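work37.tsv (TSV, C-alpha atoms) appears below.
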```tsv
chain	number	residue	atom	x	y	z
A	1	MET	CA	0.00	0.00	0.00
A	2	TRP	CA	1.45	3.33	-1.07
A	3	VAL	CA	0.69	7.02	-0.62
A	4	THR	CA	-0.78	9.43	-3.17
A	5	GLN	CA	0.03	13.01	-4.01
A	6	ALA	CA	-2.19	15.57	-2.28
A	7	PRO	CA	-2.39	19.36	-2.19
A	8	CYS	CA	-0.32	21.02	0.53
A	9	GLY	CA	-1.99	20.79	3.92
A	10	VAL	CA	-3.96	17.62	3.05
A	11	ALA	CA	-3.12	14.24	4.62
A	12	LEU	CA	-1.25	11.65	2.59
A	13	LEU	CA	-3.63	8.88	1.48
A	14	PRO	CA	-3.12	5.21	0.47
A	15	SER	CA	-2.79	4.36	-3.21
A	16	THR	CA	-1.39	1.83	-5.64
A	17	HIS	CA	1.25	4.23	-6.96
A	18	ASP	CA	4.24	2.45	-8.52
A	19	PRO	CA	7.15	2.92	-6.09
A	20	PHE	CA	9.84	1.69	-8.45
A	21	MET	CA	10.16	4.78	-10.62
A	22	ASN	CA	13.67	6.26	-10.44
A	23	ASP	CA	12.47	9.65	-9.23
A	24	GLN	CA	10.12	8.25	-6.60
A	25	TYR	CA	11.81	7.65	-3.27
A	26	PHE	CA	9.04	8.23	-0.72
A	27	ASP	CA	8.36	4.50	-0.41
A	28	LYS	CA	12.05	3.82	0.11
A	29	ALA	CA	12.07	6.39	2.90
A	30	ILE	CA	9.25	4.71	4.82
A	31	GLU	CA	10.67	1.19	4.63
A	32	PHE	CA	11.09	-0.13	8.16
A	33	GLY	CA	14.87	-0.57	7.89
A	34	ASN	CA	15.40	2.95	6.58
A	35	LEU	CA	13.15	4.49	9.23
A	36	TYR	CA	15.01	2.63	11.96
A	37	LYS	CA	18.38	3.67	10.56
A	38	ALA	CA	17.14	7.28	10.47
A	39	LEU	CA	16.14	6.96	14.13
A	40	LYS	CA	19.65	5.89	15.13
A	41	LYS	CA	21.16	8.83	13.23
A	42	SER	CA	18.67	11.26	14.75
A	43	CYS	CA	19.66	10.12	18.25
A	44	ARG	CA	23.35	10.91	17.79
A	45	ASN	CA	24.71	13.50	20.23
A	46	VAL	CA	21.31	13.96	21.94
A	47	ARG	CA	21.13	10.77	24.01
A	48	TRP	CA	21.60	12.87	27.15
A	49	LYS	CA	17.91	13.82	26.82
A	50	ASP	CA	15.45	11.65	28.73
A	51	SER	CA	12.89	11.88	25.93
A	52	VAL	CA	15.41	10.57	23.39
A	53	VAL	CA	16.48	7.68	25.64
A	54	GLY	CA	12.86	6.70	26.23
A	55	TYR	CA	11.91	6.83	22.55
A	56	GLU	CA	15.00	4.92	21.42
A	57	ALA	CA	14.52	2.25	24.10
A	58	ASN	CA	11.27	1.37	22.33
A	59	GLY	CA	12.70	2.14	18.91
A	60	LEU	CA	11.43	-0.96	17.09
A	61	LYS	CA	7.89	-0.49	18.39
A	62	ASN	CA	7.87	3.27	17.74
A	63	THR	CA	9.26	2.79	14.23
A	64	TYR	CA	6.56	0.22	13.47
A	65	HIS	CA	3.80	2.60	14.60
A	66	LEU	CA	5.33	5.48	12.63
A	67	ARG	CA	5.46	3.35	9.48
A	68	GLN	CA	1.86	2.24	9.92
A	69	ASP	CA	0.70	5.86	10.32
A	70	LEU	CA	2.57	6.82	7.16
A	71	LEU	CA	1.12	3.92	5.17
A	72	LYS	CA	-2.44	4.63	6.30
A	73	GLY	CA	-2.20	8.39	5.86
A	74	LYS	CA	-2.66	9.01	9.60
A	75	TYR	CA	0.73	10.61	10.22
A	76	ARG	CA	0.60	14.14	11.64
A	77	ILE	CA	3.45	16.40	12.75
A	78	SER	CA	3.67	16.68	16.55
A	79	PRO	CA	3.55	20.07	18.33
A	80	TYR	CA	6.90	21.85	18.33
A	81	GLN	CA	9.07	22.77	21.29
A	82	HIS	CA	10.02	26.46	21.47
A	83	PHE	CA	13.09	27.85	23.19
A	84	THR	CA	15.65	30.65	22.83
A	85	VAL	CA	19.41	30.47	22.34
A	86	TYR	CA	21.73	33.43	22.87
A	87	GLU	CA	24.93	32.25	21.14
A	88	PRO	CA	26.19	33.54	18.78
A	89	LYS	CA	23.14	35.80	18.97
A	90	LYS	CA	19.57	35.61	20.21
A	91	ARG	CA	17.51	33.21	18.11
A	92	GLU	CA	14.10	31.62	18.55
A	93	ILE	CA	14.41	27.87	17.96
A	94	VAL	CA	11.47	25.66	16.98
A	95	ALA	CA	12.57	22.13	17.87
A	96	THR	CA	11.15	19.14	16.02
A	97	ARG	CA	10.09	16.09	18.04
A	98	LEU	CA	12.21	12.96	17.65
A	99	ARG	CA	9.42	11.03	15.89
A	100	ASP	CA	9.16	13.72	13.23
A	101	ARG	CA	12.95	14.05	12.94
A	102	GLN	CA	13.07	10.31	12.32
A	103	PHE	CA	10.72	10.56	9.35
A	104	GLN	CA	12.37	13.70	7.99
A	105	LYS	CA	15.83	12.15	8.29
A	106	ALA	CA	14.65	9.03	6.44
A	107	LEU	CA	13.20	11.21	3.69
A	108	CYS	CA	16.46	13.14	3.33
A	109	MET	CA	18.50	9.92	3.25
A	110	ALA	CA	16.25	8.37	0.59
A	111	GLY	CA	16.64	11.17	-1.94
A	112	LEU	CA	15.21	14.47	-0.69
A	113	TYR	CA	18.61	15.87	0.25
A	114	ASN	CA	20.02	15.12	-3.22
A	115	ASP	CA	17.03	16.79	-4.89
A	116	MET	CA	17.35	19.92	-2.78
A	117	VAL	CA	21.09	20.47	-3.16
A	118	GLU	CA	21.60	19.19	-6.72
A	119	HIS	CA	21.36	22.60	-8.39
A	120	LEU	CA	22.84	24.78	-5.64
A	121	ILE	CA	25.91	26.77	-6.62
A	122	HIS	CA	29.24	25.49	-5.34
A	123	ASP	CA	29.82	28.57	-3.17
A	124	ASN	CA	26.67	28.06	-1.14
A	125	GLY	CA	28.32	26.71	2.01
A	126	ALA	CA	25.57	26.04	4.59
A	127	CYS	CA	23.87	22.80	5.71
A	128	GLN	CA	25.42	20.45	3.16
A	129	THR	CA	27.53	17.33	3.47
A	130	GLY	CA	31.21	18.21	3.15
A	131	LYS	CA	30.54	21.91	3.59
A	132	GLY	CA	30.02	24.23	6.53
A	133	THR	CA	32.11	26.80	8.40
A	134	ASP	CA	35.56	25.60	7.33
A	135	PHE	CA	34.47	25.21	3.70
A	136	THR	CA	33.07	28.74	3.62
A	137	LEU	CA	36.14	30.30	5.22
A	138	ASP	CA	38.47	28.42	2.87
A	139	ARG	CA	36.41	29.44	-0.16
A	140	MET	CA	36.63	33.08	0.89
A	141	THR	CA	40.41	32.75	1.06
A	142	ALA	CA	40.44	31.14	-2.39
A	143	HIS	CA	38.28	33.90	-3.90
A	144	LEU	CA	40.45	36.65	-2.46
A	145	ARG	CA	43.63	34.97	-3.67
A	146	ARG	CA	42.26	34.77	-7.21
A	147	TYR	CA	40.95	38.34	-7.02
A	148	TYR	CA	44.39	39.59	-5.97
A	149	LEU	CA	46.04	37.90	-8.96
A	150	GLU	CA	43.62	39.70	-11.30
A	151	HIS	CA	43.07	43.09	-9.67
A	152	GLY	CA	45.46	43.50	-6.74
A	153	THR	CA	44.06	45.04	-3.56
A	154	GLU	CA	41.86	47.65	-5.28
A	155	GLY	CA	38.18	46.81	-5.24
A	156	TRP	CA	34.88	46.91	-3.40
A	157	VAL	CA	32.84	44.57	-1.25
A	158	LEU	CA	29.04	44.35	-1.10
A	159	LYS	CA	28.13	42.57	2.13
A	160	CYS	CA	24.44	41.58	2.28
A	161	ASP	CA	22.27	40.08	4.99
A	162	ILE	CA	18.57	39.18	4.96
A	163	ARG	CA	16.47	40.67	7.76
A	164	LYS	CA	14.97	37.90	9.94
A	165	PHE	CA	15.36	35.33	7.20
A	166	PHE	CA	13.67	32.30	8.78
A	167	PRO	CA	10.81	34.20	10.51
A	168	SER	CA	10.07	36.28	7.38
A	169	THR	CA	9.95	33.54	4.75
A	170	SER	CA	6.55	33.21	3.10
A	171	HIS	CA	5.10	29.71	3.16
A	172	GLU	CA	3.92	30.05	-0.42
A	173	VAL	CA	7.36	31.14	-1.62
A	174	ALA	CA	8.95	28.24	0.25
A	175	LYS	CA	6.49	25.69	-1.18
A	176	ASN	CA	7.06	26.96	-4.71
A	177	ALA	CA	10.81	26.52	-4.23
A	178	VAL	CA	10.21	22.98	-2.98
A	179	ARG	CA	7.89	21.91	-5.81
A	180	LYS	CA	10.38	23.24	-8.35
A	181	ARG	CA	13.22	21.06	-7.02
A	182	ILE	CA	11.76	17.81	-5.69
A	183	SER	CA	11.13	15.04	-8.22
A	184	ASP	CA	8.93	12.88	-5.95
A	185	ASP	CA	5.44	14.37	-5.61
A	186	ARG	CA	4.73	12.68	-2.29
A	187	ALA	CA	8.06	13.77	-0.86
A	188	ALA	CA	7.28	17.33	-1.99
A	189	GLN	CA	3.90	17.04	-0.27
A	190	ALA	CA	5.56	15.90	2.94
A	191	VAL	CA	7.88	18.94	2.88
A	192	CYS	CA	4.92	21.24	2.17
A	193	ASN	CA	3.23	19.79	5.25
A	194	VAL	CA	6.31	20.63	7.31
A	195	ILE	CA	6.22	24.21	6.01
A	196	ASP	CA	2.49	24.56	6.78
A	197	SER	CA	2.99	23.13	10.27
A	198	PHE	CA	4.47	26.47	11.37
A	199	GLU	CA	1.90	29.02	12.49
A	200	GLY	CA	0.67	31.70	10.10
A	201	ASP	CA	1.53	32.30	6.45
A	202	THR	CA	5.13	33.34	7.10
A	203	GLY	CA	7.96	31.97	9.16
A	204	ILE	CA	9.83	28.68	9.11
A	205	GLY	CA	11.20	27.27	12.32
A	206	LEU	CA	14.95	27.05	12.76
A	207	GLY	CA	15.61	23.58	14.15
A	208	SER	CA	15.28	20.81	11.56
A	209	GLN	CA	17.23	19.61	8.53
A	210	ILE	CA	14.27	20.06	6.19
A	211	SER	CA	13.73	23.66	7.35
A	212	GLN	CA	17.35	24.46	6.54
A	213	LEU	CA	17.18	22.78	3.13
A	214	VAL	CA	14.01	24.70	2.31
A	215	GLU	CA	15.68	28.01	3.17
A	216	LEU	CA	18.65	27.12	0.98
A	217	ALA	CA	16.23	26.60	-1.90
A	218	VAL	CA	14.40	29.89	-1.28
A	219	LEU	CA	17.50	31.94	-2.18
A	220	ASP	CA	18.91	29.52	-4.76
A	221	ASP	CA	17.46	31.45	-7.72
A	222	LEU	CA	19.05	34.62	-6.33
A	223	ASP	CA	22.43	32.84	-6.24
A	224	HIS	CA	22.13	31.88	-9.89
A	225	TYR	CA	20.96	35.38	-10.81
A	226	ILE	CA	24.01	36.94	-9.16
A	227	LYS	CA	26.44	34.47	-10.69
A	228	GLU	CA	24.92	34.07	-14.17
A	229	ARG	CA	23.08	37.31	-14.90
A	230	LEU	CA	25.03	39.86	-12.90
A	231	ARG	CA	28.28	38.01	-13.73
A	232	ILE	CA	29.75	38.31	-10.24
A	233	LYS	CA	32.68	35.93	-10.27
A	234	HIS	CA	33.66	36.35	-6.62
A	235	TYR	CA	30.46	35.56	-4.74
A	236	LEU	CA	29.91	33.51	-1.60
A	237	ARG	CA	26.82	32.73	0.52
A	238	TYR	CA	26.30	31.13	3.90
A	239	MET	CA	22.52	30.85	4.50
A	240	ASP	CA	21.27	34.49	4.59
A	241	ASP	CA	24.73	36.08	4.67
A	242	PHE	CA	26.38	36.71	1.27
A	243	VAL	CA	29.29	38.68	-0.16
A	244	LEU	CA	30.02	40.11	-3.63
A	245	ILE	CA	33.52	41.34	-4.56
A	246	HIS	CA	34.12	43.45	-7.69
A	247	PRO	CA	36.59	46.13	-8.84
A	248	ASP	CA	33.82	48.58	-9.93
A	249	LYS	CA	31.97	50.37	-7.13
A	250	SER	CA	29.24	51.76	-9.38
A	251	TYR	CA	28.49	48.28	-10.72
A	252	LEU	CA	28.09	46.89	-7.19
A	253	GLN	CA	25.73	49.77	-6.41
A	254	GLU	CA	23.62	48.71	-9.39
A	255	CYS	CA	23.86	45.07	-8.23
A	256	ARG	CA	22.53	46.07	-4.83
A	257	LYS	CA	19.46	47.64	-6.41
A	258	ARG	CA	18.75	44.53	-8.46
A	259	ILE	CA	19.32	42.24	-5.50
A	260	GLU	CA	16.91	44.30	-3.40
A	261	GLU	CA	14.29	43.91	-6.13
A	262	LYS	CA	14.75	40.13	-6.22
A	263	VAL	CA	14.69	39.85	-2.44
A	264	GLN	CA	11.54	41.98	-2.15
A	265	ALA	CA	9.84	39.79	-4.78
A	266	LEU	CA	10.34	36.91	-2.32
A	267	GLY	CA	8.69	38.90	0.45
A	268	LEU	CA	12.03	39.51	2.18
A	269	GLU	CA	14.28	42.53	2.68
A	270	LEU	CA	17.93	43.33	3.26
A	271	ASN	CA	18.76	44.47	6.78
A	272	LYS	CA	20.88	47.37	8.04
A	273	LYS	CA	24.02	45.22	8.02
A	274	THR	CA	24.05	45.41	4.21
A	275	THR	CA	27.00	47.67	3.32
A	276	LEU	CA	29.31	48.59	0.45
A	277	TYR	CA	32.90	49.30	1.47
A	278	PRO	CA	36.48	49.23	0.07
A	279	LEU	CA	38.22	45.87	-0.16
A	280	LYS	CA	41.24	47.31	1.70
A	281	GLN	CA	39.15	47.35	4.88
A	282	GLY	CA	38.99	43.58	4.72
A	283	VAL	CA	36.08	41.26	3.98
A	284	ARG	CA	33.90	40.45	6.99
A	285	MET	CA	32.35	36.98	6.95
A	286	MET	CA	31.12	34.76	9.79
A	287	ASN	CA	32.83	36.79	12.54
A	288	TRP	CA	36.16	36.75	10.69
A	289	ARG	CA	37.91	39.52	8.78
A	290	PHE	CA	39.90	38.61	5.68
A	291	VAL	CA	42.67	41.03	4.67
A	292	ILE	CA	44.90	40.93	1.58
A	293	ALA	CA	48.50	41.78	2.42
A	294	ALA	CA	49.44	44.49	-0.11
A	295	ASP	CA	53.10	43.48	-0.40
A	296	THR	CA	52.79	39.69	-0.69
A	297	GLY	CA	49.15	39.04	-1.55
A	298	ARG	CA	48.86	36.69	1.39
A	299	ILE	CA	45.31	36.31	2.71
A	300	LEU	CA	45.24	36.99	6.45
A	301	ARG	CA	42.32	35.80	8.55
A	302	TYR	CA	41.66	37.77	11.75
A	303	MET	CA	39.22	36.98	14.54
A	304	ASN	CA	36.61	39.53	15.54
A	305	GLY	CA	38.10	41.51	18.45
A	306	LYS	CA	34.80	41.60	20.31
A	307	LYS	CA	34.85	37.79	20.50
A	308	LEU	CA	38.11	37.88	22.47
A	309	GLY	CA	36.66	40.06	25.22
A	310	LYS	CA	33.46	38.04	25.24
A	311	GLN	CA	35.37	34.78	25.72
A	312	ARG	CA	37.38	36.27	28.59
A	313	ARG	CA	34.21	37.33	30.39
A	314	LYS	CA	32.63	33.94	29.75
A	315	MET	CA	35.61	32.04	31.15
A	316	LYS	CA	35.69	34.28	34.22
A	317	LYS	CA	32.01	33.57	34.97
A	318	LEU	CA	32.44	29.83	34.35
A	319	MET	CA	35.42	29.67	36.68
A	320	ALA	CA	33.50	31.45	39.44
A	321	LYS	CA	30.61	28.99	39.12
A	322	GLU	CA	33.02	26.06	38.94
A	323	ARG	CA	34.69	27.10	42.21
A	324	ALA	CA	31.29	27.55	43.83
A	325	GLY	CA	30.40	23.99	42.92
A	326	LEU	CA	27.65	25.02	40.50
A	327	LEU	CA	29.45	23.54	37.49
A	328	ALA	CA	31.45	20.37	37.01
A	329	GLU	CA	35.23	20.61	37.28
A	330	GLY	CA	36.79	21.18	33.87
A	331	THR	CA	33.90	23.20	32.40
A	332	THR	CA	36.06	26.32	32.00
A	333	ARG	CA	38.86	24.29	30.44
A	334	ASN	CA	36.46	22.74	27.92
A	335	SER	CA	35.23	26.21	26.98
A	336	PHE	CA	38.80	27.39	26.46
A	337	ILE	CA	39.67	24.32	24.35
A	338	ALA	CA	36.60	24.87	22.14
A	339	TRP	CA	37.48	28.56	21.68
A	340	ARG	CA	41.09	27.68	20.84
A	341	ALA	CA	39.98	25.12	18.24
A	342	ASN	CA	37.93	27.81	16.52
A	343	ALA	CA	40.74	30.38	16.81
A	344	LYS	CA	43.15	28.03	15.03
A	345	ARG	CA	41.14	28.59	11.86
A	346	GLY	CA	42.85	31.95	11.45
A	347	ASP	CA	46.02	33.95	12.01
A	348	THR	CA	45.58	34.15	15.76
A	349	PHE	CA	48.86	32.91	17.27
A	350	TYR	CA	49.31	35.85	19.66
A	351	GLN	CA	45.63	35.99	20.59
A	352	ARG	CA	45.73	32.29	21.47
A	353	GLN	CA	48.84	32.81	23.57
A	354	ARG	CA	47.24	35.66	25.51
A	355	MET	CA	44.04	33.70	26.04
A	356	GLU	CA	46.00	30.68	27.25
A	357	HIS	CA	47.89	32.82	29.78
A	358	TYR	CA	44.59	34.34	30.90
A	359	PHE	CA	43.11	30.86	31.41
A	360	TYR	CA	46.01	29.71	33.60
A	361	ASP	CA	45.85	32.94	35.56
A	362	LEU	CA	42.20	32.16	36.29
A	363	LYS	CA	43.20	28.70	37.42
A	364	GLY	CA	45.66	30.28	39.85
A	365	ARG	CA	48.65	28.28	38.67
A	366	LYS	CA	51.36	28.50	36.07
A	367	GLU	CA	51.17	26.97	32.64
A	368	PRO	CA	52.52	23.39	32.69
```
The structure in this file should be written as structure tokens.
Amino acid sequence: MWVTQAPCGVALLPSTHDPFMNDQYFDKAIEFGNLYKALKKSCRNVRWKDSVVGYEANGLKNTYHLRQDLLKGKYRISPYQHFTVYEPKKREIVATRLRDRQFQKALCMAGLYNDMVEHLIHDNGACQTGKGTDFTLDRMTAHLRRYYLEHGTEGWVLKCDIRKFFPSTSHEVAKNAVRKRISDDRAAQAVCNVIDSFEGDTGIGLGSQISQLVELAVLDDLDHYIKERLRIKHYLRYMDDFVLIHPDKSYLQECRKRIEEKVQALGLELNKKTTLYPLKQGVRMMNWRFVIAADTGRILRYMNGKKLGKQRRKMKKLMAKERAGLLAEGTTRNSFIAWRANAKRGDTFYQRQRMEHYFYDLKGRKEP
């Protein structure tokens, strides 16, 4: 028994649809073995939660019931959990329940992920296998190195950011982006149901793999427009944060106008962080500043100075709580090690030395 296509917002119903077509992977996703494998992957790194331990302990039974609901068209998305995170900045997170993450993970593994990322540009660095923070930072270095060989250090940077990207995304725009890219109608319907599960006509919750893939697709046409129509060779995007580098200031000003038109057509807008500035000031991306050394052309990567002071204050508070017995011993050290691992991504030798000395001063003993 299979599941038919239905308009967005309507339950999936049984049918005799042929599941063996190459572009149809919904049935593969809801096979018991694939659902159970998706459960195990969804539990990684979150087994400290009681709810996860309880669900996984009855994983075979829960997977069976999930599969039966999917086959009979009775599956419904569970209510979301809402909470706020404050690092690296304040964000409202809409957490997906483990049962729903299990189904969404299975869908992504079966073919949804490949459909959604197949036509993304190479320099879109977020939420993809083999990409992420390091990929994006390395690509920025590569772009600047190539730019220097062609134009030297003279040029301009257009740094753009979408205002409240996830909360402002129209459901209709998101569903159109999904239907355009997904080859399996029932898989597309399942993603549309996820989009409609968020309250109102706008806003997609930040907290699931499918939500992130949908948001990548929403701006994908803009990426291709910038690369193929505006002919911006040195362009890089990480989710709603993107950078254009070009030797002509007036052309980038024209690009900004066209980008604003495209963004407004999607029901979005650029925020106040969007700026046009000289390349010699360095390119700011993901809390790093990239500078081209005028004499050698070397690409230097500097950490945001505000992050150094913030980490010092954080370690001081952690150490005070650790000494008071409110935190486990080693919490401050783990925070320092994590910060140092991130700092090693750039030219931060002296900053790391100073932070290490500061850490041992907090500990009240000399460096070993």
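Shortest separation to Asn34 (chain A) among A:Met286, A:Val46, A:Cys108, A:Ala57 occurs at residue A:Cys108, atoms counted being only C-alpha atoms.
We find CA of Leu308 (chain A) and CA of Phe336 (chain A) to be spaced 11.2 Å apart.
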Find the residues near region 314-325 of chain A: any atom within 12 Å, counting all atoms listed in the file, skip ones fewer than 3 places away on the same chain, and give them as a count of residues only. 27
Mind dumping a table of every region 269-338 of chain A residue within 9 Å of region 130-144 of chain A, with the nearest atom pair and its distance in Å to one decimal, using only C-alpha atoms, sorted by chain and rising number, as a tab-separated table?
```
residue	atom	partner	partner_atom	distance
A:Val283	CA	A:Met140	CA	8.8
A:Met285	CA	A:Leu137	CA	7.9
A:Met286	CA	A:Leu137	CA	8.1
A:Trp288	CA	A:Leu137	CA	8.5
A:Phe290	CA	A:Thr141	CA	7.5
A:Val291	CA	A:Leu144	CA	8.7
A:Ile292	CA	A:Leu144	CA	7.4
A:Ile299	CA	A:Thr141	CA	6.3
A:Leu300	CA	A:Thr141	CA	8.4
A:Arg301	CA	A:Thr141	CA	8.3
```
Show me a table, sorted first by chain and then by increasing residue number, of the residues of region 156-194 of chain A having an atom at most 6 Å from region 204-226 of chain A, each with its shortest atom pair and the distance in Å to one decimal, counting all atoms listed in the file and written as JSON lines.
```
{"residue": "A:Phe166", "atom": "CA", "partner": "A:Ile204", "partner_atom": "CA", "distance": 5.3}
{"residue": "A:Pro167", "atom": "CA", "partner": "A:Ile204", "partner_atom": "CA", "distance": 5.8}
{"residue": "A:Ala174", "atom": "CA", "partner": "A:Val218", "partner_atom": "CA", "distance": 5.9}
{"residue": "A:Ala177", "atom": "CA", "partner": "A:Val218", "partner_atom": "CA", "distance": 5.7}
```
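Atom pair CA of Gly152 (chain A) / CA of Ala343 (chain A): separated by 27.4 Å.
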Restricting the calculation to only C-alpha atoms: of A:Leu35, A:Thr96, A:Arg312, A:Cys43, which residue gets closest to Leu60 (chain A)? A:Leu35
As a tab-separated table (two decimals) with C-alpha atoms, in the coordinates of the input, please: the residues near Asp241 (chain A) (cut-off 7 Å, all atoms listed in the file, same-chain neighbours under 4 positions excluded).
```
chain	number	residue	atom	x	y	z
A	160	CYS	CA	24.44	41.58	2.28
A	161	ASP	CA	22.27	40.08	4.99
A	162	ILE	CA	18.57	39.18	4.96
A	237	ARG	CA	26.82	32.73	0.52
```
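For the set A:Tyr36, A:Asp50, A:Ile77, A:His82, the residue with the smallest atom-to-atom gap to Tyr64 (chain A) is A:Tyr36, counting all atoms listed in the file.
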Could you give me, as a PyMOL selection string, the residues that sit within 10 Å of (9.4, 10.3, 17.1) in the file's coordinates, counting all atoms listed in the file? chain A and resi 39+42+51-52+55-56+59+62-63+65-66+77-78+96-103
If we count only C-alpha atoms and set the cut-off at 8 Å, which residues sit around Asp248 (chain A), ignoring sequence neighbours fewer than 4 positions away in its own chain? Please answer as a list in words. Gly155, Trp156 and Leu252 of chain A
Here CA of Asn304 (chain A) and CA of Thr274 (chain A) stand apart by 17.9 Å
So that I can see what lies close to Arg181 (chain A), please list as a PyMOL selection string the residues with an atom at most 8 Å from it, counting only C-alpha atoms and leaving out residues fewer than 2 positions away in the same chain. chain A and resi 115-116+177-179+183
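Here the question is which of A:Leu266, A:Lys233, A:Val194, A:Lys159 gets nearest to Val173 (chain A) using only C-alpha atoms, and that residue is A:Leu266.
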Pick the closest to Lys249 (chain A) from A:Lys164, A:Tyr277, A:Arg289, A:Arg44: which is it, counting all atoms listed in the file? A:Tyr277
Hey, can I get the axis-aligned box for region 328-339 of chain A? All listed atoms, 4 Å padding on each side, centre and edge lengths in Å to one decimal, as JSON.
```
{"center_x": 35.6, "center_y": 24.5, "center_z": 29.5, "size_x": 16.2, "size_y": 16.2, "size_z": 23.6}
```
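Checking A:Lys41, A:Lys89, A:Arg340, A:Lys273 one by one against Lys105 (chain A), counting all atoms listed in the file, you find the shortest gap at A:Lys41.
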Considering only C-alpha atoms, return as JSON, numbers by chain whatever protein or nucleic-acid residues lie within 9 Å of His234 (chain A), sequence-local ones (same chain, fewer than 6 positions apart) excluded. {"A": [140, 143, 144, 146, 147, 227, 243, 244, 245, 246]}
